[in-house]
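Q: Sharing entry.txt, compact mmCIF, N, CA and C atoms:
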```
# COMPACT_ATOMS: atom_id res chain seq x y z
N MET A 288 0.85 -1.18 0.00
CA MET A 288 0.00 0.00 0.00
C MET A 288 0.90 1.25 0.00
N ILE A 289 0.45 2.28 -0.66
CA ILE A 289 1.20 3.52 -0.76
C ILE A 289 1.13 4.27 0.57
N GLU A 290 2.29 4.75 1.06
CA GLU A 290 2.33 5.53 2.29
C GLU A 290 1.67 6.90 2.07
N HIS A 291 1.24 7.53 3.18
CA HIS A 291 0.49 8.79 3.10
C HIS A 291 1.24 9.88 2.33
N HIS A 292 2.52 10.08 2.61
CA HIS A 292 3.26 11.13 1.92
C HIS A 292 3.39 10.83 0.43
N GLU A 293 3.46 9.55 0.08
CA GLU A 293 3.50 9.17 -1.33
C GLU A 293 2.13 9.39 -1.99
N GLN A 294 1.06 9.16 -1.22
CA GLN A 294 -0.29 9.35 -1.74
C GLN A 294 -0.49 10.78 -2.22
N LEU A 295 0.03 11.73 -1.45
CA LEU A 295 -0.11 13.14 -1.82
C LEU A 295 0.59 13.44 -3.14
N GLY A 296 1.75 12.82 -3.36
CA GLY A 296 2.48 13.03 -4.60
C GLY A 296 1.81 12.36 -5.78
N VAL A 297 1.26 11.17 -5.56
CA VAL A 297 0.62 10.40 -6.63
C VAL A 297 -0.57 11.16 -7.21
N ILE A 298 -1.33 11.82 -6.36
CA ILE A 298 -2.55 12.49 -6.79
C ILE A 298 -2.25 13.62 -7.78
N LYS A 299 -1.04 14.16 -7.75
CA LYS A 299 -0.66 15.23 -8.67
C LYS A 299 -0.62 14.75 -10.12
N ASP A 300 -0.58 13.44 -10.31
CA ASP A 300 -0.57 12.86 -11.65
C ASP A 300 -1.98 12.76 -12.24
N PHE A 301 -3.01 12.96 -11.43
CA PHE A 301 -4.39 12.77 -11.88
C PHE A 301 -4.98 14.01 -12.55
N TYR A 302 -5.89 13.78 -13.46
CA TYR A 302 -6.70 14.84 -14.05
C TYR A 302 -8.02 14.22 -14.52
N PHE A 303 -8.98 15.07 -14.85
CA PHE A 303 -10.29 14.62 -15.32
C PHE A 303 -10.45 14.88 -16.81
N VAL A 304 -11.18 13.98 -17.44
CA VAL A 304 -11.65 14.16 -18.80
C VAL A 304 -13.17 14.19 -18.73
N MET A 305 -13.77 15.14 -19.44
CA MET A 305 -15.23 15.23 -19.47
C MET A 305 -15.73 14.60 -20.76
N GLN A 306 -16.39 13.45 -20.63
CA GLN A 306 -16.91 12.74 -21.80
C GLN A 306 -18.40 13.02 -21.94
N PRO A 307 -18.81 13.66 -23.03
CA PRO A 307 -20.24 13.97 -23.17
C PRO A 307 -21.09 12.72 -23.38
N VAL A 308 -22.25 12.72 -22.75
CA VAL A 308 -23.24 11.67 -22.96
C VAL A 308 -24.41 12.36 -23.63
N VAL A 309 -24.72 11.91 -24.84
CA VAL A 309 -25.71 12.58 -25.68
C VAL A 309 -27.06 11.89 -25.60
N LYS A 310 -28.11 12.68 -25.44
CA LYS A 310 -29.48 12.18 -25.47
C LYS A 310 -29.94 12.25 -26.92
N ILE A 311 -30.26 11.10 -27.48
CA ILE A 311 -30.67 11.03 -28.88
C ILE A 311 -32.19 10.94 -28.93
N SER A 312 -32.78 11.84 -29.69
CA SER A 312 -34.22 11.89 -29.79
C SER A 312 -34.60 12.16 -31.24
N GLY A 313 -35.58 11.45 -31.73
CA GLY A 313 -36.04 11.66 -33.10
C GLY A 313 -36.84 12.95 -33.24
N LYS A 314 -37.36 13.46 -32.13
CA LYS A 314 -38.20 14.64 -32.16
C LYS A 314 -37.41 15.94 -32.08
N GLN A 315 -36.30 15.90 -31.37
CA GLN A 315 -35.52 17.11 -31.15
C GLN A 315 -34.10 16.91 -31.66
N LYS A 316 -33.39 18.01 -31.71
CA LYS A 316 -31.98 17.95 -32.02
C LYS A 316 -31.27 17.25 -30.86
N ASP A 317 -30.34 16.36 -31.19
CA ASP A 317 -29.59 15.66 -30.15
C ASP A 317 -28.88 16.68 -29.27
N LYS A 318 -28.83 16.39 -27.97
CA LYS A 318 -28.17 17.32 -27.06
C LYS A 318 -27.41 16.56 -25.99
N ILE A 319 -26.44 17.24 -25.40
CA ILE A 319 -25.66 16.64 -24.33
C ILE A 319 -26.52 16.61 -23.07
N ALA A 320 -26.72 15.40 -22.56
CA ALA A 320 -27.53 15.23 -21.35
C ALA A 320 -26.69 15.52 -20.10
N PHE A 321 -25.45 15.03 -20.11
CA PHE A 321 -24.52 15.25 -19.00
C PHE A 321 -23.13 14.84 -19.47
N TYR A 322 -22.17 15.08 -18.59
CA TYR A 322 -20.79 14.67 -18.87
C TYR A 322 -20.37 13.63 -17.85
N GLU A 323 -19.79 12.54 -18.34
CA GLU A 323 -19.20 11.57 -17.43
C GLU A 323 -17.78 12.03 -17.14
N ILE A 324 -17.44 12.10 -15.87
CA ILE A 324 -16.12 12.53 -15.44
C ILE A 324 -15.24 11.29 -15.35
N LEU A 325 -14.16 11.29 -16.11
CA LEU A 325 -13.25 10.14 -16.15
C LEU A 325 -11.90 10.53 -15.57
N LEU A 326 -11.43 9.76 -14.62
CA LEU A 326 -10.14 9.99 -13.99
C LEU A 326 -9.04 9.44 -14.88
N ARG A 327 -7.98 10.24 -15.08
CA ARG A 327 -6.87 9.84 -15.94
C ARG A 327 -5.54 10.17 -15.28
N SER A 328 -4.51 9.48 -15.74
CA SER A 328 -3.13 9.74 -15.32
C SER A 328 -2.44 10.57 -16.39
N LYS A 329 -1.70 11.59 -15.97
CA LYS A 329 -0.95 12.41 -16.93
C LYS A 329 0.13 11.59 -17.62
N LYS A 330 0.68 10.61 -16.93
CA LYS A 330 1.75 9.79 -17.50
C LYS A 330 1.24 8.85 -18.59
N THR A 331 0.12 8.20 -18.34
CA THR A 331 -0.36 7.17 -19.27
C THR A 331 -1.57 7.62 -20.10
N ARG A 332 -2.22 8.71 -19.67
CA ARG A 332 -3.46 9.19 -20.29
C ARG A 332 -4.58 8.13 -20.22
N GLN A 333 -4.48 7.24 -19.26
CA GLN A 333 -5.48 6.20 -19.04
C GLN A 333 -5.91 6.23 -17.58
N PHE A 334 -6.96 5.47 -17.28
CA PHE A 334 -7.41 5.34 -15.90
C PHE A 334 -6.27 4.74 -15.07
N PRO A 335 -5.89 5.40 -13.98
CA PRO A 335 -4.78 4.91 -13.15
C PRO A 335 -5.24 3.82 -12.18
N GLY A 336 -5.77 2.73 -12.73
CA GLY A 336 -6.43 1.69 -11.95
C GLY A 336 -5.71 1.23 -10.72
N GLU A 337 -4.52 0.65 -10.87
CA GLU A 337 -3.82 0.07 -9.72
C GLU A 337 -3.56 1.12 -8.64
N ILE A 338 -3.13 2.30 -9.04
CA ILE A 338 -2.85 3.37 -8.08
C ILE A 338 -4.13 3.82 -7.39
N PHE A 339 -5.19 4.02 -8.18
CA PHE A 339 -6.47 4.46 -7.63
C PHE A 339 -7.00 3.45 -6.62
N PHE A 340 -7.00 2.17 -7.00
CA PHE A 340 -7.53 1.13 -6.11
C PHE A 340 -6.69 1.02 -4.83
N ASP A 341 -5.38 1.21 -4.96
CA ASP A 341 -4.51 1.20 -3.79
C ASP A 341 -4.84 2.37 -2.87
N LEU A 342 -5.10 3.53 -3.44
CA LEU A 342 -5.43 4.71 -2.64
C LEU A 342 -6.73 4.53 -1.86
N ILE A 343 -7.77 4.07 -2.52
CA ILE A 343 -9.09 4.02 -1.85
C ILE A 343 -9.19 2.90 -0.82
N LYS A 344 -8.18 2.04 -0.73
CA LYS A 344 -8.19 0.99 0.29
C LYS A 344 -8.06 1.55 1.69
N SER A 345 -7.40 2.69 1.81
CA SER A 345 -7.20 3.29 3.14
C SER A 345 -8.04 4.55 3.27
N GLN A 346 -8.39 4.89 4.50
CA GLN A 346 -9.18 6.11 4.71
C GLN A 346 -8.39 7.34 4.31
N SER A 347 -7.09 7.36 4.60
CA SER A 347 -6.30 8.53 4.23
C SER A 347 -6.19 8.66 2.71
N GLY A 348 -6.01 7.55 2.02
CA GLY A 348 -5.94 7.58 0.56
C GLY A 348 -7.26 7.98 -0.06
N ASN A 349 -8.35 7.44 0.47
CA ASN A 349 -9.67 7.80 -0.04
C ASN A 349 -9.94 9.28 0.18
N GLN A 350 -9.50 9.81 1.33
CA GLN A 350 -9.68 11.24 1.60
C GLN A 350 -8.92 12.09 0.59
N ILE A 351 -7.72 11.67 0.24
CA ILE A 351 -6.93 12.40 -0.74
C ILE A 351 -7.62 12.39 -2.10
N VAL A 352 -8.14 11.24 -2.50
CA VAL A 352 -8.87 11.13 -3.76
C VAL A 352 -10.11 12.02 -3.74
N LEU A 353 -10.86 11.97 -2.66
CA LEU A 353 -12.09 12.77 -2.56
C LEU A 353 -11.80 14.26 -2.52
N SER A 354 -10.72 14.66 -1.89
CA SER A 354 -10.33 16.08 -1.88
C SER A 354 -10.00 16.54 -3.29
N PHE A 355 -9.32 15.69 -4.04
CA PHE A 355 -9.03 16.00 -5.44
C PHE A 355 -10.33 16.13 -6.23
N PHE A 356 -11.23 15.14 -6.06
CA PHE A 356 -12.53 15.19 -6.74
C PHE A 356 -13.26 16.49 -6.43
N GLU A 357 -13.34 16.81 -5.14
CA GLU A 357 -14.08 17.99 -4.71
C GLU A 357 -13.53 19.26 -5.35
N LYS A 358 -12.23 19.44 -5.29
CA LYS A 358 -11.60 20.63 -5.85
C LYS A 358 -11.88 20.74 -7.35
N GLN A 359 -11.67 19.66 -8.06
CA GLN A 359 -11.85 19.67 -9.51
C GLN A 359 -13.32 19.87 -9.90
N LEU A 360 -14.22 19.17 -9.23
CA LEU A 360 -15.65 19.27 -9.55
C LEU A 360 -16.18 20.67 -9.28
N LYS A 361 -15.77 21.26 -8.16
CA LYS A 361 -16.23 22.61 -7.85
C LYS A 361 -15.73 23.61 -8.89
N GLU A 362 -14.50 23.45 -9.35
CA GLU A 362 -13.98 24.34 -10.40
C GLU A 362 -14.81 24.20 -11.68
N ILE A 363 -15.08 22.97 -12.07
CA ILE A 363 -15.87 22.73 -13.29
C ILE A 363 -17.26 23.33 -13.15
N LEU A 364 -17.91 23.08 -12.00
CA LEU A 364 -19.28 23.53 -11.81
C LEU A 364 -19.39 25.04 -11.62
N GLN A 365 -18.38 25.66 -11.05
CA GLN A 365 -18.40 27.12 -10.93
C GLN A 365 -18.30 27.77 -12.30
N GLU A 366 -17.53 27.17 -13.19
CA GLU A 366 -17.39 27.70 -14.55
C GLU A 366 -18.59 27.34 -15.42
N ASN A 367 -19.26 26.22 -15.10
CA ASN A 367 -20.38 25.72 -15.90
C ASN A 367 -21.53 25.31 -14.96
N PRO A 368 -22.21 26.28 -14.36
CA PRO A 368 -23.19 25.97 -13.30
C PRO A 368 -24.42 25.19 -13.75
N CYS A 369 -24.68 25.10 -15.04
CA CYS A 369 -25.85 24.36 -15.51
C CYS A 369 -25.50 22.95 -15.98
N THR A 370 -24.24 22.60 -15.89
CA THR A 370 -23.76 21.31 -16.36
C THR A 370 -24.04 20.22 -15.34
N LYS A 371 -24.44 19.04 -15.83
CA LYS A 371 -24.61 17.87 -14.98
C LYS A 371 -23.40 16.97 -15.19
N LEU A 372 -22.87 16.46 -14.07
CA LEU A 372 -21.68 15.62 -14.10
C LEU A 372 -21.96 14.27 -13.48
N SER A 373 -21.54 13.22 -14.15
CA SER A 373 -21.66 11.86 -13.63
C SER A 373 -20.29 11.43 -13.13
N ILE A 374 -20.25 10.98 -11.88
CA ILE A 374 -18.99 10.60 -11.24
C ILE A 374 -19.04 9.13 -10.86
N ASN A 375 -18.00 8.40 -11.22
CA ASN A 375 -17.89 6.99 -10.86
C ASN A 375 -17.37 6.83 -9.44
N PHE A 376 -18.01 5.98 -8.68
CA PHE A 376 -17.55 5.63 -7.34
C PHE A 376 -17.48 4.12 -7.22
N GLU A 377 -16.47 3.68 -6.52
CA GLU A 377 -16.36 2.26 -6.20
C GLU A 377 -17.26 2.00 -4.99
N ILE A 378 -17.93 0.88 -5.00
CA ILE A 378 -18.84 0.53 -3.90
C ILE A 378 -18.12 0.58 -2.55
N ILE A 379 -16.88 0.14 -2.52
CA ILE A 379 -16.11 0.09 -1.28
C ILE A 379 -15.91 1.49 -0.68
N GLN A 380 -15.93 2.52 -1.51
CA GLN A 380 -15.75 3.87 -1.00
C GLN A 380 -16.87 4.30 -0.05
N PHE A 381 -18.03 3.69 -0.20
CA PHE A 381 -19.16 4.07 0.64
C PHE A 381 -19.06 3.52 2.06
N LYS A 382 -18.06 2.69 2.32
CA LYS A 382 -17.80 2.24 3.69
C LYS A 382 -17.04 3.29 4.47
N SER A 383 -16.49 4.27 3.78
CA SER A 383 -15.66 5.29 4.40
C SER A 383 -16.48 6.52 4.77
N PRO A 384 -16.34 7.02 6.00
CA PRO A 384 -17.06 8.24 6.39
C PRO A 384 -16.65 9.45 5.55
N GLN A 385 -15.43 9.44 5.01
CA GLN A 385 -14.98 10.55 4.18
C GLN A 385 -15.84 10.70 2.93
N THR A 386 -16.35 9.61 2.41
CA THR A 386 -17.20 9.67 1.22
C THR A 386 -18.51 10.38 1.55
N HIS A 387 -19.08 10.08 2.69
CA HIS A 387 -20.32 10.74 3.10
C HIS A 387 -20.08 12.22 3.37
N GLU A 388 -18.94 12.53 3.96
CA GLU A 388 -18.58 13.93 4.19
C GLU A 388 -18.39 14.67 2.87
N PHE A 389 -17.83 13.99 1.88
CA PHE A 389 -17.67 14.57 0.54
C PHE A 389 -19.03 15.01 -0.01
N PHE A 390 -20.02 14.14 0.08
CA PHE A 390 -21.34 14.48 -0.44
C PHE A 390 -22.00 15.60 0.35
N GLU A 391 -21.74 15.66 1.64
CA GLU A 391 -22.27 16.77 2.44
C GLU A 391 -21.65 18.09 1.99
N ARG A 392 -20.34 18.09 1.73
CA ARG A 392 -19.66 19.31 1.27
C ARG A 392 -20.08 19.70 -0.14
N MET A 393 -20.50 18.74 -0.94
CA MET A 393 -20.93 19.01 -2.32
C MET A 393 -22.43 19.30 -2.41
N HIS A 394 -23.09 19.43 -1.26
CA HIS A 394 -24.54 19.61 -1.21
C HIS A 394 -25.03 20.74 -2.13
N THR A 395 -24.33 21.85 -2.17
CA THR A 395 -24.72 22.99 -3.01
C THR A 395 -24.85 22.57 -4.47
N TRP A 396 -24.00 21.65 -4.88
CA TRP A 396 -23.97 21.23 -6.29
C TRP A 396 -24.73 19.93 -6.53
N ALA A 397 -25.43 19.42 -5.53
CA ALA A 397 -26.12 18.13 -5.62
C ALA A 397 -27.00 17.97 -6.87
N PRO A 398 -27.77 18.99 -7.29
CA PRO A 398 -28.60 18.81 -8.48
C PRO A 398 -27.78 18.59 -9.77
N ASN A 399 -26.50 18.92 -9.71
CA ASN A 399 -25.63 18.78 -10.88
C ASN A 399 -24.86 17.47 -10.88
N ILE A 400 -25.03 16.66 -9.84
CA ILE A 400 -24.20 15.46 -9.68
C ILE A 400 -25.03 14.19 -9.85
N ILE A 401 -24.50 13.31 -10.67
CA ILE A 401 -25.05 11.97 -10.86
C ILE A 401 -23.99 11.00 -10.36
N VAL A 402 -24.37 10.07 -9.50
CA VAL A 402 -23.42 9.08 -8.99
C VAL A 402 -23.59 7.79 -9.77
N GLU A 403 -22.48 7.30 -10.28
CA GLU A 403 -22.45 6.05 -11.02
C GLU A 403 -21.66 5.06 -10.19
N LEU A 404 -22.28 3.94 -9.83
CA LEU A 404 -21.57 2.91 -9.07
C LEU A 404 -20.92 1.94 -10.05
N THR A 405 -19.66 1.65 -9.81
CA THR A 405 -18.96 0.71 -10.68
C THR A 405 -19.50 -0.69 -10.47
N GLU A 406 -19.27 -1.53 -11.43
CA GLU A 406 -19.82 -2.89 -11.37
C GLU A 406 -18.90 -3.88 -10.65
N ARG A 407 -17.74 -3.43 -10.17
CA ARG A 407 -16.85 -4.33 -9.44
C ARG A 407 -17.51 -4.73 -8.12
N SER A 408 -17.38 -6.00 -7.77
CA SER A 408 -18.00 -6.45 -6.52
C SER A 408 -16.95 -6.52 -5.41
N TYR A 409 -17.42 -6.29 -4.21
CA TYR A 409 -16.57 -6.32 -3.02
C TYR A 409 -17.30 -7.13 -1.97
N ALA A 410 -16.53 -7.74 -1.09
CA ALA A 410 -17.12 -8.48 0.03
C ALA A 410 -17.84 -7.48 0.94
N THR A 411 -19.08 -7.77 1.25
CA THR A 411 -19.86 -6.84 2.07
C THR A 411 -20.16 -7.38 3.46
N ASN A 412 -19.89 -8.63 3.70
CA ASN A 412 -20.15 -9.25 5.01
C ASN A 412 -21.61 -9.10 5.43
N GLY A 413 -22.52 -9.18 4.48
CA GLY A 413 -23.94 -9.15 4.78
C GLY A 413 -24.47 -7.81 5.23
N SER A 414 -23.71 -6.77 5.09
CA SER A 414 -24.11 -5.45 5.56
C SER A 414 -24.97 -4.74 4.51
N ASN A 415 -25.82 -3.86 4.98
CA ASN A 415 -26.64 -3.03 4.09
C ASN A 415 -26.01 -1.66 3.89
N TYR A 416 -24.69 -1.57 4.05
CA TYR A 416 -24.03 -0.27 4.01
C TYR A 416 -24.26 0.45 2.69
N LEU A 417 -24.31 -0.28 1.59
CA LEU A 417 -24.48 0.39 0.30
C LEU A 417 -25.88 0.98 0.17
N LEU A 418 -26.89 0.23 0.51
CA LEU A 418 -28.26 0.74 0.47
C LEU A 418 -28.40 1.95 1.40
N ASP A 419 -27.84 1.85 2.59
CA ASP A 419 -27.88 2.97 3.53
C ASP A 419 -27.15 4.19 2.96
N ALA A 420 -26.02 3.94 2.32
CA ALA A 420 -25.23 5.03 1.74
C ALA A 420 -25.99 5.72 0.62
N VAL A 421 -26.65 4.95 -0.23
CA VAL A 421 -27.43 5.53 -1.33
C VAL A 421 -28.57 6.38 -0.78
N LYS A 422 -29.24 5.89 0.23
CA LYS A 422 -30.32 6.66 0.87
C LYS A 422 -29.78 7.98 1.42
N LYS A 423 -28.60 7.91 2.04
CA LYS A 423 -28.00 9.08 2.66
C LYS A 423 -27.63 10.14 1.61
N ILE A 424 -27.02 9.71 0.50
CA ILE A 424 -26.63 10.71 -0.51
C ILE A 424 -27.85 11.26 -1.24
N LYS A 425 -28.88 10.44 -1.35
CA LYS A 425 -30.13 10.96 -1.96
C LYS A 425 -30.74 12.04 -1.08
N LYS A 426 -30.62 11.89 0.25
CA LYS A 426 -31.11 12.92 1.16
C LYS A 426 -30.34 14.23 0.97
N ASN A 427 -29.08 14.11 0.53
CA ASN A 427 -28.26 15.30 0.26
C ASN A 427 -28.60 15.92 -1.10
N GLY A 428 -29.52 15.30 -1.83
CA GLY A 428 -29.96 15.88 -3.09
C GLY A 428 -29.29 15.35 -4.33
N VAL A 429 -28.40 14.37 -4.17
CA VAL A 429 -27.70 13.80 -5.32
C VAL A 429 -28.62 12.82 -6.02
```
Is it possible to give me this structure as structure tokens?
A:
Amino acid sequence: MIEHHEQLGVIKDFYFVMQPVVKISGKQKDKIAFYEILLRSKKTRQFPGEIFFDLIKSQSGNQIVLSFFEKQLKEILQENPCTKLSINFEIIQFKSPQTHEFFERMHTWAPNIIVELTERSYATNGSNYLLDAVKKIKKNGV
């Protein structure tokens, strides 16, 4: 696992790509419904999978990732206040209190945020944490 001081350096390699998702309609001109936010590495220009998954395993790493998300998303939304953004989250991130705090801090922008849960499965030990987490973020307006 990456040490905390290394985690801070690793995050500097990350950036977002905004991929438009188009609503196709035979009645109207096609339009962008929202943008999917994709995390990328400056070095590889691809999703930094191994590094990202290593980071979110720890609370400190997940906090660093979420702080990056928050800063970047707020910048995008302040420049484009009518834009809707879809953000991918790993199911395991919802076990962390930092994830819930992230959504509380993003409350102002909640109508602009769509949460996309990845399809990777994680051991849940019979807990309803994911259902509870979804209910909680919906209460925040996401």
Q: Which residue is closest to Glu391 in chain A? Choose from A:Ser312, A:Lys329, A:Ile424, A:Asp300 and count all atoms listed in the file.
A: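 So, comparing all the options, the nearest one is A:Ile424.
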Q: Would you mind telling me which residue in A:Gln306, A:Asn415, A:Gln380, A:Gln365 lies nearest to Phe339 in chain A when using only C-alpha atoms?
A: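 Smallest separation from Phe339 in chain A among the options: A:Gln380.
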Q: Between CA of Lys361 in chain A and CA of Met305 in chain A, what distance in Å does the model show, to one decimal?
A: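 Those two atoms sit 13.8 Å apart.
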Q: Can you tell me which residues surround Ala320 in chain A at a distance of at most 8 Å, considering all atoms listed in the file, apart from same-chain residues fewer than 5 positions away, and format the answer as a PyMOL selection string?
A: chain A and resi 307-311+370-372
Q: Out of A:Val429, A:Ile351, A:Leu417, A:Ile374, which residue has the shortest atom-to-atom distance to Ala397 in chain A when counting all atoms listed in the file?
A: A:Val429
Q: Among chain A, which residues does DSSP mark as alpha helix (DSSP H) when it is run on the backbone? Keep the chain and numbering as in the structure and answer as an NGL selection string.
A: :A and (291-297 or 336-343 or 346-366 or 384-392 or 416-426)
Q: May I have the protein, DNA and RNA residues with an atom at most 6 Å from (-17.0, 12.0, -17.5), counting only C-alpha atoms in the file's coordinates, returned as an MDAnalysis selection string?
A: chainID A and resid 304:306 322:325
Q: Check the smallest atom-to-atom distance from each of A:Asp341, A:Lys422, A:Thr395, A:Lys330 to Leu360 in chain A using only C-alpha atoms, then report the winner.
A: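 Closest to Leu360 in chain A, using only C-alpha atoms: A:Thr395.
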Q: What separation in Å, quoted to one decimal, exists between atom C of Phe376 in chain A and atom C of Lys318 in chain A?
A: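 Computing it gives 24.6 Å between the two atoms.
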Q: All heavy atoms are needed for range 365-373 of chain A; please write them out as an mmCIF file, keeping the file's coordinate frame.
A:
```cif
data_model
loop_
_atom_site.group_PDB
_atom_site.id
_atom_site.type_symbol
_atom_site.label_atom_id
_atom_site.label_comp_id
_atom_site.auth_asym_id
_atom_site.auth_seq_id
_atom_site.Cartn_x
_atom_site.Cartn_y
_atom_site.Cartn_z
ATOM 1 N N GLN A 365 -18.380 25.660 -11.050
ATOM 2 C CA GLN A 365 -18.400 27.120 -10.930
ATOM 3 C C GLN A 365 -18.300 27.770 -12.300
ATOM 4 O O GLN A 365 -18.927 28.790 -12.545
ATOM 5 C CB GLN A 365 -17.287 27.592 -9.994
ATOM 6 C CG GLN A 365 -17.616 27.307 -8.541
ATOM 7 C CD GLN A 365 -16.451 27.519 -7.591
ATOM 8 O OE1 GLN A 365 -15.324 27.743 -7.982
ATOM 9 N NE2 GLN A 365 -16.737 27.423 -6.293
ATOM 10 N N GLU A 366 -17.530 27.170 -13.190
ATOM 11 C CA GLU A 366 -17.390 27.700 -14.550
ATOM 12 C C GLU A 366 -18.590 27.340 -15.420
ATOM 13 O O GLU A 366 -18.900 28.050 -16.380
ATOM 14 C CB GLU A 366 -16.114 27.169 -15.202
ATOM 15 C CG GLU A 366 -14.853 27.739 -14.600
ATOM 16 C CD GLU A 366 -13.590 27.160 -15.224
ATOM 17 O OE1 GLU A 366 -13.657 26.627 -16.354
ATOM 18 O OE2 GLU A 366 -12.531 27.242 -14.577
ATOM 19 N N ASN A 367 -19.260 26.220 -15.100
ATOM 20 C CA ASN A 367 -20.380 25.720 -15.900
ATOM 21 C C ASN A 367 -21.530 25.310 -14.960
ATOM 22 O O ASN A 367 -21.807 24.128 -14.795
ATOM 23 C CB ASN A 367 -19.935 24.496 -16.715
ATOM 24 C CG ASN A 367 -18.701 24.774 -17.521
ATOM 25 O OD1 ASN A 367 -18.757 25.418 -18.558
ATOM 26 N ND2 ASN A 367 -17.549 24.304 -17.039
ATOM 27 N N PRO A 368 -22.210 26.280 -14.360
ATOM 28 C CA PRO A 368 -23.190 25.970 -13.300
ATOM 29 C C PRO A 368 -24.420 25.190 -13.750
ATOM 30 O O PRO A 368 -25.131 24.645 -12.912
ATOM 31 C CB PRO A 368 -23.575 27.338 -12.754
ATOM 32 C CG PRO A 368 -23.192 28.311 -13.812
ATOM 33 C CD PRO A 368 -22.057 27.715 -14.568
ATOM 34 N N CYS A 369 -24.680 25.100 -15.040
ATOM 35 C CA CYS A 369 -25.850 24.360 -15.510
ATOM 36 C C CYS A 369 -25.500 22.950 -15.980
ATOM 37 O O CYS A 369 -26.368 22.197 -16.409
ATOM 38 C CB CYS A 369 -26.524 25.120 -16.654
ATOM 39 S SG CYS A 369 -27.208 26.688 -16.113
ATOM 40 N N THR A 370 -24.240 22.600 -15.890
ATOM 41 C CA THR A 370 -23.760 21.310 -16.360
ATOM 42 C C THR A 370 -24.040 20.220 -15.340
ATOM 43 O O THR A 370 -23.892 20.420 -14.142
ATOM 44 C CB THR A 370 -22.239 21.381 -16.639
ATOM 45 O OG1 THR A 370 -22.010 22.389 -17.605
ATOM 46 C CG2 THR A 370 -21.689 20.068 -17.127
ATOM 47 N N LYS A 371 -24.440 19.040 -15.830
ATOM 48 C CA LYS A 371 -24.610 17.870 -14.980
ATOM 49 C C LYS A 371 -23.400 16.970 -15.190
ATOM 50 O O LYS A 371 -22.953 16.763 -16.313
ATOM 51 C CB LYS A 371 -25.887 17.118 -15.323
ATOM 52 C CG LYS A 371 -27.137 17.884 -14.939
ATOM 53 C CD LYS A 371 -28.306 16.935 -14.801
ATOM 54 C CE LYS A 371 -29.570 17.643 -14.415
ATOM 55 N NZ LYS A 371 -29.551 18.242 -13.110
ATOM 56 N N LEU A 372 -22.870 16.460 -14.070
ATOM 57 C CA LEU A 372 -21.680 15.620 -14.100
ATOM 58 C C LEU A 372 -21.960 14.270 -13.480
ATOM 59 O O LEU A 372 -22.537 14.189 -12.399
ATOM 60 C CB LEU A 372 -20.533 16.294 -13.337
ATOM 61 C CG LEU A 372 -20.137 17.697 -13.783
ATOM 62 C CD1 LEU A 372 -19.080 18.260 -12.840
ATOM 63 C CD2 LEU A 372 -19.629 17.673 -15.213
ATOM 64 N N SER A 373 -21.540 13.220 -14.150
ATOM 65 C CA SER A 373 -21.660 11.860 -13.630
ATOM 66 C C SER A 373 -20.290 11.430 -13.130
ATOM 67 O O SER A 373 -19.302 11.490 -13.856
ATOM 68 C CB SER A 373 -22.132 10.921 -14.739
ATOM 69 O OG SER A 373 -22.116 9.594 -14.281
#
```
